[in-house]
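Student: Please find one structure pasted underneath; my questions will follow.
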Amino acid sequence: MEKKLGDRVLALAQGDITAFAADAIGNAANAALAGGGGVDGAIHRAAGPTLMADLRRYEGCPTGSAVITPAGNLRARHVIHAVGPRWRGGDRGEAEQLAGAYRRTLELADEAGCRTLALPSISTGVYGYPVAQAAPLALATVRDYLTREARVLERVTFVLFDTATFRAFAEAAERL
Ligand code: AR6
C-alpha cells in the first residue's frame, strides 16, 4: 500500500524489517540503548556485534528521541535507534514522546543523506502503546515531515511484522 505525497511516498509493507532494502532502518530501542527483544533483538542479531560497539559512544538516549549508527551486516547503511514511550495510560505525555521519536528518526535519516527509510511500529510491542492510537499518530508524523520538511528523504515505508499491526496501520492510512 502506498500514499503519494507530491514527489514523496509513504508506504506500508508487512514483514521483517531486517530483510528490507532501505538506506536506513529504524529500531524500537530502550533509553539505555542496551539491546533487548522484539525488533531490537532481531536488528542486533542481523547486524552483528559492531552495532552494540557503535552504540557505546552514546550515553543512552532520552525517551522521545533517537540516535544513529552504522548498520553492520544489514543491507541498510544506517540504523536509527528510536526510543518510544512505555504506555502508562495515555496522559503522561506518551503521544508527544512517540511523535518525537519518529520525528527525530526522520531528521537523522535526512541529515545522513538517506533517500529511503524503513520504520517499525515503535512502542506497540513490549512497551504496550495501543496500536489503534499509535498508528494514526505515526502516519501523520511521517506525512507531515515528508510534506513540509524533508530534504533528501523520498520514501518512508512502515514494515509491520504481525497482521494485527499491519491492519491497524492500513486502516489508519485510509483515514489519513
Ligand atoms: N521487523 C519488524 N517489526 C518487528 C520485528 C521485525 N523483525 N520484530 C518485532 N517487530 P517491540 P517496543 C514488531 O516490542 O514496544 C525491546 O526489548 C513488533 O511486532 O520490538 O518499542 C527494546 O530493547 C511490534 O509491532 O518494541 C525495548 O526495551 C513492534 O515491532 C522495548 O523492547 C514493536 O515492538 C521496546 O518496546
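If you're wondering about the labels, chains in the C-alpha cells are A, B, ... by order shown, residues count from 1 in each chain, ligands from 1 in order shown.
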Output the neighbourhood of ligand 1 as a PyMOL selection string, that is, all protein and nucleic acid residues with some atom at most 6 Å from the ligand, counting only C-alpha atoms and all ligand atoms.
Tutor: chain A and resi 16-18+28-30+35-40+42+84+120-128+159-162+165
Student: When you look at Ile25 (chain A) with a cut-off of 9 Å (counting only C-alpha atoms), what residues show up, excluding the ones that are within fewer than 5 positions of it in the same chain? I need them as a tab-separated table (two decimals) with N, CA and C atoms, in the first residue's frame.
Tutor:
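Output file part28.tsv is given in full below:
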```tsv
chain	number	residue	atom	x	y	z
A	17	ILE	N	11.73	-6.29	9.16
A	17	ILE	CA	12.44	-5.07	8.76
A	17	ILE	C	13.92	-5.33	8.51
A	18	THR	N	14.48	-6.37	9.13
A	18	THR	CA	15.92	-6.63	8.96
A	18	THR	C	16.24	-7.07	7.53
A	20	PHE	N	14.63	-5.78	4.88
A	20	PHE	CA	14.10	-4.76	3.97
A	20	PHE	C	15.23	-3.90	3.42
A	71	ALA	N	25.19	0.25	10.15
A	71	ALA	CA	24.24	-0.87	10.21
A	71	ALA	C	24.89	-2.26	10.20
A	76	ALA	N	20.93	-2.22	5.01
A	76	ALA	CA	20.85	-0.76	5.16
A	76	ALA	C	22.24	-0.20	5.46
A	77	ARG	N	22.39	1.13	5.30
A	77	ARG	CA	23.66	1.79	5.66
A	77	ARG	C	23.65	2.25	7.11
A	78	HIS	N	22.47	2.62	7.60
A	78	HIS	CA	22.37	3.16	8.95
A	78	HIS	C	21.22	2.49	9.69
A	79	VAL	N	21.39	2.39	11.03
A	79	VAL	CA	20.26	2.05	11.90
A	79	VAL	C	19.99	3.28	12.77
A	80	ILE	N	18.74	3.66	12.86
A	80	ILE	CA	18.36	4.79	13.71
A	80	ILE	C	17.55	4.22	14.88
A	81	HIS	N	18.15	4.37	16.05
A	81	HIS	CA	17.62	3.73	17.26
A	81	HIS	C	16.71	4.74	17.95
A	109	ALA	N	17.71	10.57	9.49
A	109	ALA	CA	17.80	9.93	8.18
A	109	ALA	C	18.09	10.98	7.11
A	116	THR	N	15.74	6.63	1.32
A	116	THR	CA	14.71	5.68	1.73
A	116	THR	C	14.93	5.28	3.18
A	117	LEU	N	13.82	5.10	3.89
A	117	LEU	CA	13.83	4.76	5.32
A	117	LEU	C	12.73	3.75	5.58
A	118	ALA	N	13.06	2.69	6.33
A	118	ALA	CA	12.04	1.73	6.78
A	118	ALA	C	11.86	1.91	8.28
A	119	LEU	N	10.62	1.86	8.74
A	119	LEU	CA	10.32	2.07	10.16
A	119	LEU	C	9.48	0.93	10.72
A	120	PRO	N	9.75	0.51	11.96
A	120	PRO	CA	8.84	-0.42	12.63
A	120	PRO	C	7.77	0.39	13.36
```
Student: List the neighbours of Ala132 (chain A) out to 9 Å using only C-alpha atoms; skip same-chain residues closer than 4 positions along the sequence, and give me the result as a PyMOL selection string.
Tutor: chain A and resi 136+165+168-169+172
Student: Would you write out those residues with all heavy atoms, as a PDB file, in the first residue's frame?
Tutor:
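Saved to part_39.pdb:
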```
ATOM      1  N   PRO A 136      -2.330   5.999  13.737  1.00  0.00           N
ATOM      2  CA  PRO A 136      -2.614   7.301  13.113  1.00  0.00           C
ATOM      3  C   PRO A 136      -1.583   8.365  13.463  1.00  0.00           C
ATOM      4  O   PRO A 136      -1.248   9.215  12.616  1.00  0.00           O
ATOM      5  CB  PRO A 136      -4.007   7.673  13.658  1.00  0.00           C
ATOM      6  CG  PRO A 136      -4.357   6.677  14.695  1.00  0.00           C
ATOM      7  CD  PRO A 136      -3.438   5.508  14.558  1.00  0.00           C
ATOM      8  N   THR A 165      -0.986  -5.538  13.505  1.00  0.00           N
ATOM      9  CA  THR A 165      -0.340  -4.219  13.396  1.00  0.00           C
ATOM     10  C   THR A 165      -0.460  -3.691  11.977  1.00  0.00           C
ATOM     11  O   THR A 165      -0.773  -2.521  11.757  1.00  0.00           O
ATOM     12  CB  THR A 165       1.140  -4.323  13.821  1.00  0.00           C
ATOM     13  OG1 THR A 165       1.190  -4.835  15.151  1.00  0.00           O
ATOM     14  CG2 THR A 165       1.825  -2.976  13.773  1.00  0.00           C
ATOM     15  N   ALA A 168      -3.983  -2.415  11.461  1.00  0.00           N
ATOM     16  CA  ALA A 168      -4.225  -1.143  12.164  1.00  0.00           C
ATOM     17  C   ALA A 168      -3.616   0.021  11.375  1.00  0.00           C
ATOM     18  O   ALA A 168      -4.233   1.083  11.237  1.00  0.00           O
ATOM     19  CB  ALA A 168      -3.637  -1.196  13.570  1.00  0.00           C
ATOM     20  N   PHE A 169      -2.416  -0.177  10.821  1.00  0.00           N
ATOM     21  CA  PHE A 169      -1.786   0.878  10.015  1.00  0.00           C
ATOM     22  C   PHE A 169      -2.533   1.072   8.697  1.00  0.00           C
ATOM     23  O   PHE A 169      -2.693   2.203   8.232  1.00  0.00           O
ATOM     24  CB  PHE A 169      -0.302   0.566   9.765  1.00  0.00           C
ATOM     25  CG  PHE A 169       0.612   1.081  10.843  1.00  0.00           C
ATOM     26  CD1 PHE A 169       0.683   0.454  12.084  1.00  0.00           C
ATOM     27  CD2 PHE A 169       1.399   2.206  10.634  1.00  0.00           C
ATOM     28  CE1 PHE A 169       1.513   0.932  13.093  1.00  0.00           C
ATOM     29  CE2 PHE A 169       2.230   2.698  11.631  1.00  0.00           C
ATOM     30  CZ  PHE A 169       2.289   2.061  12.862  1.00  0.00           C
ATOM     31  N   ALA A 172      -5.656   3.049   9.426  1.00  0.00           N
ATOM     32  CA  ALA A 172      -5.319   4.446   9.731  1.00  0.00           C
ATOM     33  C   ALA A 172      -4.880   5.183   8.462  1.00  0.00           C
ATOM     34  O   ALA A 172      -5.169   6.373   8.299  1.00  0.00           O
ATOM     35  CB  ALA A 172      -4.230   4.498  10.794  1.00  0.00           C
TER      36      ALA A 172
END
```
Student: Check the smallest atom-to-atom distance from each of A:Gln97, A:Leu146, A:Asp23, A:Glu174 to Gly113 (chain A) using only C-alpha atoms, then report the winner.
Tutor: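 Checking each of A:Gln97, A:Leu146, A:Asp23, A:Glu174 against Gly113 (chain A), counting only C-alpha atoms, the winner is A:Asp23.
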Student: Just the alpha helix (DSSP H) stuff from region 29-64 of chain A, please, per backbone DSSP, written as a ChimeraX atom specification.
Tutor: /A:38-47,50-55
Student: Please, could you write that set of residues out with C-alpha atoms as a PDB file, in the first residue's frame?
Tutor:
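The new file again_19.pdb reads:
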```pdb
ATOM      1  CA  GLY A  38      11.344  -7.671  19.710  1.00  0.00           C
ATOM      2  CA  VAL A  39      12.552  -5.726  16.707  1.00  0.00           C
ATOM      3  CA  ASP A  40      15.618  -4.511  18.686  1.00  0.00           C
ATOM      4  CA  GLY A  41      16.781  -8.102  19.248  1.00  0.00           C
ATOM      5  CA  ALA A  42      16.172  -9.002  15.600  1.00  0.00           C
ATOM      6  CA  ILE A  43      18.156  -5.967  14.368  1.00  0.00           C
ATOM      7  CA  HIS A  44      21.111  -6.656  16.692  1.00  0.00           C
ATOM      8  CA  ARG A  45      21.233 -10.331  15.639  1.00  0.00           C
ATOM      9  CA  ALA A  46      21.138  -9.457  11.941  1.00  0.00           C
ATOM     10  CA  ALA A  47      23.597  -6.540  12.186  1.00  0.00           C
ATOM     11  CA  THR A  50      29.538  -3.924  15.728  1.00  0.00           C
ATOM     12  CA  LEU A  51      26.071  -2.437  16.273  1.00  0.00           C
ATOM     13  CA  MET A  52      26.438  -2.605  20.068  1.00  0.00           C
ATOM     14  CA  ALA A  53      30.033  -1.374  19.827  1.00  0.00           C
ATOM     15  CA  ASP A  54      28.861   1.658  17.800  1.00  0.00           C
ATOM     16  CA  LEU A  55      26.095   2.378  20.323  1.00  0.00           C
TER      17      LEU A  55
END
```
Student: Leaving out Arg155 (chain A) and any residue of its chain fewer than 3 positions from it, which residues lie within 6 Å of it when counting only C-alpha atoms, given as an MDAnalysis selection string?
Tutor: chainID A and resid 8:10 116
Student: Go ahead and write the residues just picked, N, CA, C and O atoms, as a tab-separated table (two decimals), in the first residue's frame.
Tutor:
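Output contents, as saved in again.tsv:
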```
chain	number	residue	atom	x	y	z
A	8	ARG	N	6.96	12.67	-2.86
A	8	ARG	CA	7.38	11.76	-1.78
A	8	ARG	C	6.37	10.64	-1.66
A	8	ARG	O	5.24	10.79	-2.09
A	9	VAL	N	6.80	9.53	-1.02
A	9	VAL	CA	5.90	8.38	-0.88
A	9	VAL	C	5.93	7.86	0.55
A	9	VAL	O	7.00	7.69	1.15
A	10	LEU	N	4.75	7.58	1.07
A	10	LEU	CA	4.59	6.90	2.36
A	10	LEU	C	3.98	5.53	2.05
A	10	LEU	O	2.94	5.45	1.41
A	116	THR	N	15.74	6.63	1.32
A	116	THR	CA	14.71	5.68	1.73
A	116	THR	C	14.93	5.28	3.18
A	116	THR	O	16.06	5.13	3.65
```
Student: If you run DSSP on the backbone, which residues of region 47-100 of chain A are strand (DSSP E or B), as a ChimeraX atom specification?
Tutor: /A:66-70,78-83
Student: Would you mind exporting N, CA and C atoms of the selected residues as a tab-separated table (two decimals), in the first residue's frame?
Tutor:
```tsv
chain	number	residue	atom	x	y	z
A	66	ALA	N	16.17	9.87	19.31
A	66	ALA	CA	16.78	8.77	18.57
A	66	ALA	C	18.26	9.06	18.34
A	67	VAL	N	19.04	8.01	18.10
A	67	VAL	CA	20.46	8.16	17.72
A	67	VAL	C	20.73	7.28	16.50
A	68	ILE	N	21.81	7.60	15.78
A	68	ILE	CA	22.11	6.89	14.52
A	68	ILE	C	23.46	6.18	14.62
A	69	THR	N	23.53	4.98	14.05
A	69	THR	CA	24.79	4.23	13.95
A	69	THR	C	24.89	3.61	12.55
A	70	PRO	N	26.10	3.15	12.19
A	70	PRO	CA	26.21	2.31	11.01
A	70	PRO	C	25.41	1.01	11.22
A	78	HIS	N	22.47	2.62	7.60
A	78	HIS	CA	22.37	3.16	8.95
A	78	HIS	C	21.22	2.49	9.69
A	79	VAL	N	21.39	2.39	11.03
A	79	VAL	CA	20.26	2.05	11.90
A	79	VAL	C	19.99	3.28	12.77
A	80	ILE	N	18.74	3.66	12.86
A	80	ILE	CA	18.36	4.79	13.71
A	80	ILE	C	17.55	4.22	14.88
A	81	HIS	N	18.15	4.37	16.05
A	81	HIS	CA	17.62	3.73	17.26
A	81	HIS	C	16.71	4.74	17.95
A	82	ALA	N	15.41	4.54	17.85
A	82	ALA	CA	14.41	5.46	18.40
A	82	ALA	C	13.90	4.91	19.72
A	83	VAL	N	13.72	5.80	20.68
A	83	VAL	CA	13.22	5.38	21.98
A	83	VAL	C	11.80	5.92	22.17
```
Student: Here is a test: counting only C-alpha atoms, which residue of A:Glu107, A:Leu12, A:Lys4, A:Ala112 is nearest to Ala170 (chain A)?
Tutor: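 Comparing A:Glu107, A:Leu12, A:Lys4, A:Ala112 against Ala170 (chain A), the winner is A:Leu12.
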Student: Leaving out Leu106 (chain A) and any residue of its chain fewer than 3 positions from it, which residues lie within 8 Å of it when counting only C-alpha atoms, given as a list in words?
Tutor: Tyr102, Arg103, Ala109, Asp110, Val142 and Tyr145 of chain A
Student: Could you check which of A:Pro130, A:Pro49, A:Gly6, A:Pro62 is closest to Gly90 (chain A), using only C-alpha atoms?
Tutor: A:Pro130
Student: Have a look at A:Arg143, A:Gly60, A:Glu154, A:Ala11 and name the one nearest to Ala34 (chain A); count only C-alpha atoms.
Tutor: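 The closest residue to Ala34 (chain A) is A:Gly60.
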Student: Just how far from CA of Leu137 (chain A) is CA of Gly15 (chain A), in Å to one decimal?
Tutor: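 Separation of CA of Gly15 (chain A) and CA of Leu137 (chain A): 20.8 Å.
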Student: Please report the interatomic distance between CA of Glu149 (chain A) and CA of Ala135 (chain A) in Å with one decimal.
Tutor: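 Distance between the two atoms: 20.7 Å.
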Student: Between CA of Leu33 (chain A) and CA of Ala150 (chain A), what is the spacing in Å?
Tutor: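 Interatomic distance, CA of Ala150 (chain A) to CA of Leu33 (chain A): 26.5 Å.
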